[in-house]
>>> print(open('query22.cif').read())   # mmCIF, C-alpha atoms
data_target
loop_
_atom_site.label_atom_id
_atom_site.label_comp_id
_atom_site.auth_asym_id
_atom_site.auth_seq_id
_atom_site.Cartn_x
_atom_site.Cartn_y
_atom_site.Cartn_z
CA MET S 839 97.08 116.62 121.97
CA VAL S 840 94.88 117.03 118.92
CA VAL S 841 93.19 120.38 118.37
CA LYS S 842 89.93 120.06 116.48
CA VAL S 843 89.17 122.75 113.91
CA GLU S 844 85.75 123.73 112.62
CA THR S 845 86.56 124.14 108.93
CA PHE S 846 89.03 122.49 106.59
CA SER S 847 90.26 125.95 105.57
CA GLU S 848 91.93 126.21 109.01
CA ILE S 849 94.36 123.41 108.09
CA GLU S 850 94.27 123.71 104.29
CA GLY S 851 97.63 125.50 104.09
CA GLU S 852 99.48 122.85 106.10
CA PHE S 853 97.66 120.06 104.26
CA PHE S 854 98.80 121.28 100.85
CA GLU S 855 102.29 122.20 102.11
CA TYR S 856 102.86 118.69 103.47
CA VAL S 857 101.28 116.91 100.49
CA LYS S 858 103.45 118.96 98.12
CA ASP S 859 106.58 118.17 100.16
CA ILE S 860 105.87 114.45 100.66
CA VAL S 861 104.05 113.70 97.34
CA TYR S 862 103.58 109.92 97.75
CA CYS S 863 101.28 108.42 100.35
CA THR S 864 100.22 105.05 101.64
CA MET S 865 96.67 104.04 100.77
CA ILE S 866 95.09 101.59 103.19
CA THR S 867 92.07 99.42 102.47
CA VAL S 868 90.63 96.45 104.34
CA ASP S 869 89.58 93.04 103.09
CA ARG S 870 86.48 91.00 103.97
CA LYS S 871 88.17 89.79 107.17
CA SER S 872 89.01 93.39 108.21
CA ARG S 873 92.72 92.90 107.52
CA PRO S 874 94.49 96.05 106.31
CA ARG S 875 96.38 96.28 103.02
CA ALA S 876 98.74 99.14 102.18
CA ARG S 877 100.17 100.37 98.91
CA VAL S 878 102.11 103.50 97.94
CA LEU S 879 100.38 105.81 95.48
CA LEU S 880 100.19 109.43 94.36
CA PRO S 881 96.77 111.10 94.50
CA VAL S 882 96.10 114.70 93.52
CA TRP S 883 93.95 116.99 95.66
CA GLU S 884 91.66 119.99 95.42
CA VAL S 885 89.11 121.72 97.62
CA VAL S 886 85.47 121.49 96.57
CA ASP S 887 82.82 123.33 98.59
CA GLY S 888 85.26 123.73 101.49
CA ARG S 889 86.17 120.03 101.63
CA PRO S 890 89.24 118.18 100.35
CA VAL S 891 88.60 115.91 97.38
CA GLY S 892 91.28 113.63 96.00
CA TRP S 893 91.63 111.88 92.68
CA LEU S 894 93.71 108.76 92.22
CA ALA S 895 94.70 107.47 88.81
CA ALA S 896 95.04 103.75 89.28
CA HIS S 897 95.02 100.34 87.76
CA LYS S 898 91.84 98.52 88.74
CA THR S 899 93.54 95.56 90.39
CA PRO S 900 91.47 92.63 91.69
CA VAL S 901 92.57 93.22 95.30
CA LYS S 902 91.83 96.95 95.31
CA THR S 903 88.52 96.38 93.52
CA ALA S 904 87.42 93.67 95.98
CA HIS S 905 88.42 95.69 99.03
CA LEU S 906 86.59 98.82 97.87
CA ALA S 907 83.50 96.84 96.85
CA HIS S 908 83.35 95.39 100.36
CA ASN S 909 84.28 98.57 102.22
CA PRO S 910 84.96 101.91 100.48
CA HIS S 911 86.46 103.47 103.64
CA THR S 912 90.14 104.20 103.09
CA THR S 913 92.99 106.03 104.76
CA TYR S 914 95.74 107.93 102.97
CA SER S 915 98.83 108.53 105.08
CA TYR S 916 101.68 110.92 104.27
CA TRP S 917 104.90 111.07 106.29
CA ASN S 918 108.39 112.53 105.94
CA PRO S 919 111.56 112.09 108.04
CA ARG S 920 110.96 115.47 109.72
CA GLN S 921 107.89 113.73 111.24
CA ASN S 922 105.40 115.94 109.40
CA ALA S 923 102.38 113.83 108.58
CA VAL S 924 98.93 113.98 107.06
CA PHE S 925 96.20 111.40 107.62
CA VAL S 926 93.12 111.44 105.40
CA ASP S 927 90.19 109.21 106.34
CA SER S 928 87.83 108.98 103.40
CA VAL S 929 85.45 107.10 101.20
CA SER S 930 87.01 106.11 97.87
CA THR S 931 84.79 105.21 94.93
CA TRP S 932 85.51 104.46 91.29
CA ALA S 933 84.76 107.47 89.09
CA PRO S 934 83.44 105.85 85.93
CA THR S 935 82.28 108.76 83.80
CA PRO S 936 84.39 110.05 80.92
CA GLU S 937 84.10 113.57 82.38
CA GLU S 938 85.55 112.51 85.75
CA ARG S 939 88.35 110.54 84.09
CA GLU S 940 89.26 113.52 81.89
CA TYR S 941 89.04 115.89 84.87
CA ALA S 942 91.42 113.78 86.97
CA TRP S 943 93.75 113.40 83.97
CA ASP S 944 93.99 117.18 83.67
CA LEU S 945 94.62 117.61 87.41
CA TYR S 946 97.53 115.17 87.18
CA ARG S 947 99.00 116.94 84.16
CA ARG S 948 98.94 120.41 85.72
CA GLY S 949 99.66 119.29 89.29
CA SER S 950 97.22 119.63 92.15
CA PRO S 951 98.68 121.02 94.28
CA ALA S 952 101.40 122.46 92.08
CA GLY S 953 104.35 120.06 92.05
CA VAL S 954 102.21 117.00 92.78
CA GLY S 955 101.21 115.00 89.76
CA TYR S 956 102.74 113.62 86.58
CA ASP S 957 101.96 113.05 82.95
CA PRO S 958 99.54 110.10 83.06
CA ARG S 959 100.43 109.26 79.46
CA ASN S 960 103.61 107.71 80.88
CA PHE S 961 101.39 104.91 82.24
CA TRP S 962 98.30 105.07 80.01
CA ARG S 963 99.36 105.69 76.41
CA GLY S 964 95.76 105.84 75.21
CA GLY S 965 94.98 108.99 77.21
CA PRO S 966 91.92 109.39 79.42
CA THR S 967 90.00 106.82 77.37
CA ASP S 968 92.66 104.12 77.77
CA PRO S 969 90.81 100.99 78.98
CA GLU S 970 93.48 100.41 81.66
CA TYR S 971 93.13 103.96 83.09
CA HIS S 972 90.78 104.17 86.08
CA VAL S 973 90.15 106.86 88.64
CA LEU S 974 89.15 106.81 92.28
CA ARG S 975 87.40 109.82 93.77
CA ILE S 976 88.47 110.34 97.38
CA ASP S 977 85.93 112.10 99.58
CA ALA S 978 87.63 112.99 102.84
CA TRP S 979 85.61 113.04 106.03
CA ARG S 980 88.51 113.54 108.44
CA VAL S 981 91.92 115.11 107.92
CA GLN S 982 94.67 115.37 110.52
CA VAL S 983 97.91 117.31 110.05
CA LEU S 984 100.82 116.70 112.39
CA ARG S 985 103.82 119.04 112.61
CA GLY S 986 106.97 117.13 113.48
CA THR S 987 108.89 119.94 115.18
CA ASP S 988 106.61 119.99 118.20
CA LEU S 989 104.13 117.18 117.41
CA SER S 990 101.26 119.66 117.34
CA SER S 991 98.27 118.15 115.63
CA ARG S 992 95.12 119.67 114.17
CA MET S 993 92.16 117.73 112.87
CA TRP S 994 89.12 118.57 110.77
CA THR S 995 86.08 116.30 110.65
CA ASP S 996 83.20 116.80 108.25
CA ALA S 997 80.24 117.49 110.51
CA SER S 998 77.87 115.90 107.98
CA ALA S 999 79.79 112.60 107.93
CA GLY S 1000 77.84 110.04 109.91
#
>>> encode(input="query22.cif", output="C-alpha cells")
Amino acid sequence: MVVKVETFSEIEGEFFEYVKDIVYCTMITVDRKSRPRARVLLPVWEVVDGRPVGWLAAHKTPVKTAHLAHNPHTTYSYWNPRQNAVFVDSVSTWAPTPEEREYAWDLYRRGSPAGVGYDPRNFWRGGPTDPEYHVLRIDAWRVQVLRGTDLSSRMWTDASAG
C-alpha cells in the first residue's frame, strides 16, 4: 500500500537518507518508439521551494540527447539489497547557462546531500567551462520512498504537475 503525502517535506528525510546510502541510481529515458533505456549515474539533489531538484553532470551522448529531445520525462531509481528504494519521476532538461553549470559543479564538489558527489575535475579537467561538461536539471514531479523492512511506501506528487 502506498501512502500519499501532501508535501515533499514529509518524506524528505527518508529520501536523503536513502540517496546518501545508495548513491548511484538508474536513469531511464525512452526513445521515439517508447522503448526504455537505462544507465547508471550519480545525480546530486537539493530542495528548492519545497520540491526536490536534481543536477546531473553528464556527457551529452547522442542517445541521451535524442531521447530527451523527444521526451524529457525521466525516472531515476535507487535500490539497495535491504530493499530500500527511491523512485523519482521527473522532467530532465539540459541546463545550458554558465551559472547553472557552475552551480551544479559546486554541488558535486561539496556533496548534496553530504556524502553524495565527487570532484568533477576527475572527468572534466577544464572545470565548469570544459566543452565536454554538461548538466541536466531534474525537476521531480513524483517521488516515492519504499522501506525494505516492511515494504511501507510513501509518495509525494507535485499538485501543480499536469
>>> resolve_selection(input="query22.cif", expression="the PyMOL selection byres ((chain S and resi 939) around 12)", output="PyMOL selection string")
chain S and resi 893-896+932-938+940-946+958+965-975
>>> residues_around(input="query22.cif", residues="Trp917 of chain S", least_positions_apart="3", cutoff="10 Å", atoms="only C-alpha atoms", output="JSON, numbers by chain")
{"S": [856, 857, 859, 860, 861, 862, 863, 864, 920, 921, 922, 923, 924, 925, 984, 986]}
>>> write_last_selection(input="query22.cif", atoms="C-alpha atoms", output="PDB file, in the coordinates of the input")
ATOM      1  CA  TYR S 856     102.860 118.690 103.470  1.00  0.00           C
ATOM      2  CA  VAL S 857     101.280 116.910 100.490  1.00  0.00           C
ATOM      3  CA  ASP S 859     106.580 118.170 100.160  1.00  0.00           C
ATOM      4  CA  ILE S 860     105.870 114.450 100.660  1.00  0.00           C
ATOM      5  CA  VAL S 861     104.050 113.700  97.340  1.00  0.00           C
ATOM      6  CA  TYR S 862     103.580 109.920  97.750  1.00  0.00           C
ATOM      7  CA  CYS S 863     101.280 108.420 100.350  1.00  0.00           C
ATOM      8  CA  THR S 864     100.220 105.050 101.640  1.00  0.00           C
ATOM      9  CA  ARG S 920     110.960 115.470 109.720  1.00  0.00           C
ATOM     10  CA  GLN S 921     107.890 113.730 111.240  1.00  0.00           C
ATOM     11  CA  ASN S 922     105.400 115.940 109.400  1.00  0.00           C
ATOM     12  CA  ALA S 923     102.380 113.830 108.580  1.00  0.00           C
ATOM     13  CA  VAL S 924      98.930 113.980 107.060  1.00  0.00           C
ATOM     14  CA  PHE S 925      96.200 111.400 107.620  1.00  0.00           C
ATOM     15  CA  LEU S 984     100.820 116.700 112.390  1.00  0.00           C
ATOM     16  CA  GLY S 986     106.970 117.130 113.480  1.00  0.00           C
TER      17      GLY S 986
END
>>> atom_distance(input="query22.cif", atom1="atom CA of Pro951 of chain S", atom2="atom CA of Val868 of chain S")
27.7 Å
>>> resolve_selection(input="query22.cif", expression="the PyMOL selection byres ((chain S and resi 881) around 7)", output="list in words")
Leu879, Leu880, Val882, Trp883, Gly892, Trp893 and Leu894 of chain S
>>> write_last_selection(input="query22.cif", atoms="C-alpha atoms", output="mmCIF file, in the coordinates of the input")
data_model
loop_
_atom_site.group_PDB
_atom_site.id
_atom_site.type_symbol
_atom_site.label_atom_id
_atom_site.label_comp_id
_atom_site.auth_asym_id
_atom_site.auth_seq_id
_atom_site.Cartn_x
_atom_site.Cartn_y
_atom_site.Cartn_z
ATOM 1 C CA LEU S 879 100.380 105.810 95.480
ATOM 2 C CA LEU S 880 100.190 109.430 94.360
ATOM 3 C CA VAL S 882 96.100 114.700 93.520
ATOM 4 C CA TRP S 883 93.950 116.990 95.660
ATOM 5 C CA GLY S 892 91.280 113.630 96.000
ATOM 6 C CA TRP S 893 91.630 111.880 92.680
ATOM 7 C CA LEU S 894 93.710 108.760 92.220
#
>>> resolve_selection(input="query22.cif", expression="the PyMOL selection byres ((chain S and resi 995-997) around 9)", output="MDAnalysis selection string")
chainID S and resid 842:846 889 978:982 993:994 998:1000
>>> closest_residue(input="query22.cif", among="S:Pro919, S:His897, S:Pro910, S:Val929", to="Phe961 of chain S", atoms="all atoms listed in the file")
S:His897
>>> residues_around(input="query22.cif", residues="Ala876 of chain S", least_positions_apart="5", cutoff="8 Å", atoms="all atoms listed in the file", output="number ranges by chain")
S: 864-867
>>> closest_residue(input="query22.cif", among="S:Ser847, S:Ser872, S:Thr903, S:Thr987", to="Val886 of chain S", atoms="all atoms listed in the file")
S:Ser847
>>> closest_residue(input="query22.cif", among="S:Ile976, S:Tyr914, S:Glu884, S:Glu848", to="Gly949 of chain S", atoms="all atoms listed in the file")
S:Glu884
>>> residues_around(input="query22.cif", residues="Pro900 of chain S", least_positions_apart="6", cutoff="12 Å", atoms="all atoms listed in the file", output="NGL selection string")
:S and (869 or 906-907)
>>> atom_distance(input="query22.cif", atom1="atom CA of Met839 of chain S", atom2="atom CA of Glu855 of chain S")
21.3 Å
>>> atom_distance(input="query22.cif", atom1="atom CA of Val891 of chain S", atom2="atom CA of Asp977 of chain S")
5.1 Å
>>> closest_residue(input="query22.cif", among="S:Gly851, S:Val901, S:Gly964, S:Gly953", to="Val983 of chain S", atoms="all atoms listed in the file")
S:Gly851
>>> closest_residue(input="query22.cif", among="S:Arg875, S:Arg963, S:Lys858, S:Arg985", to="Thr912 of chain S", atoms="all atoms listed in the file")
S:Arg875
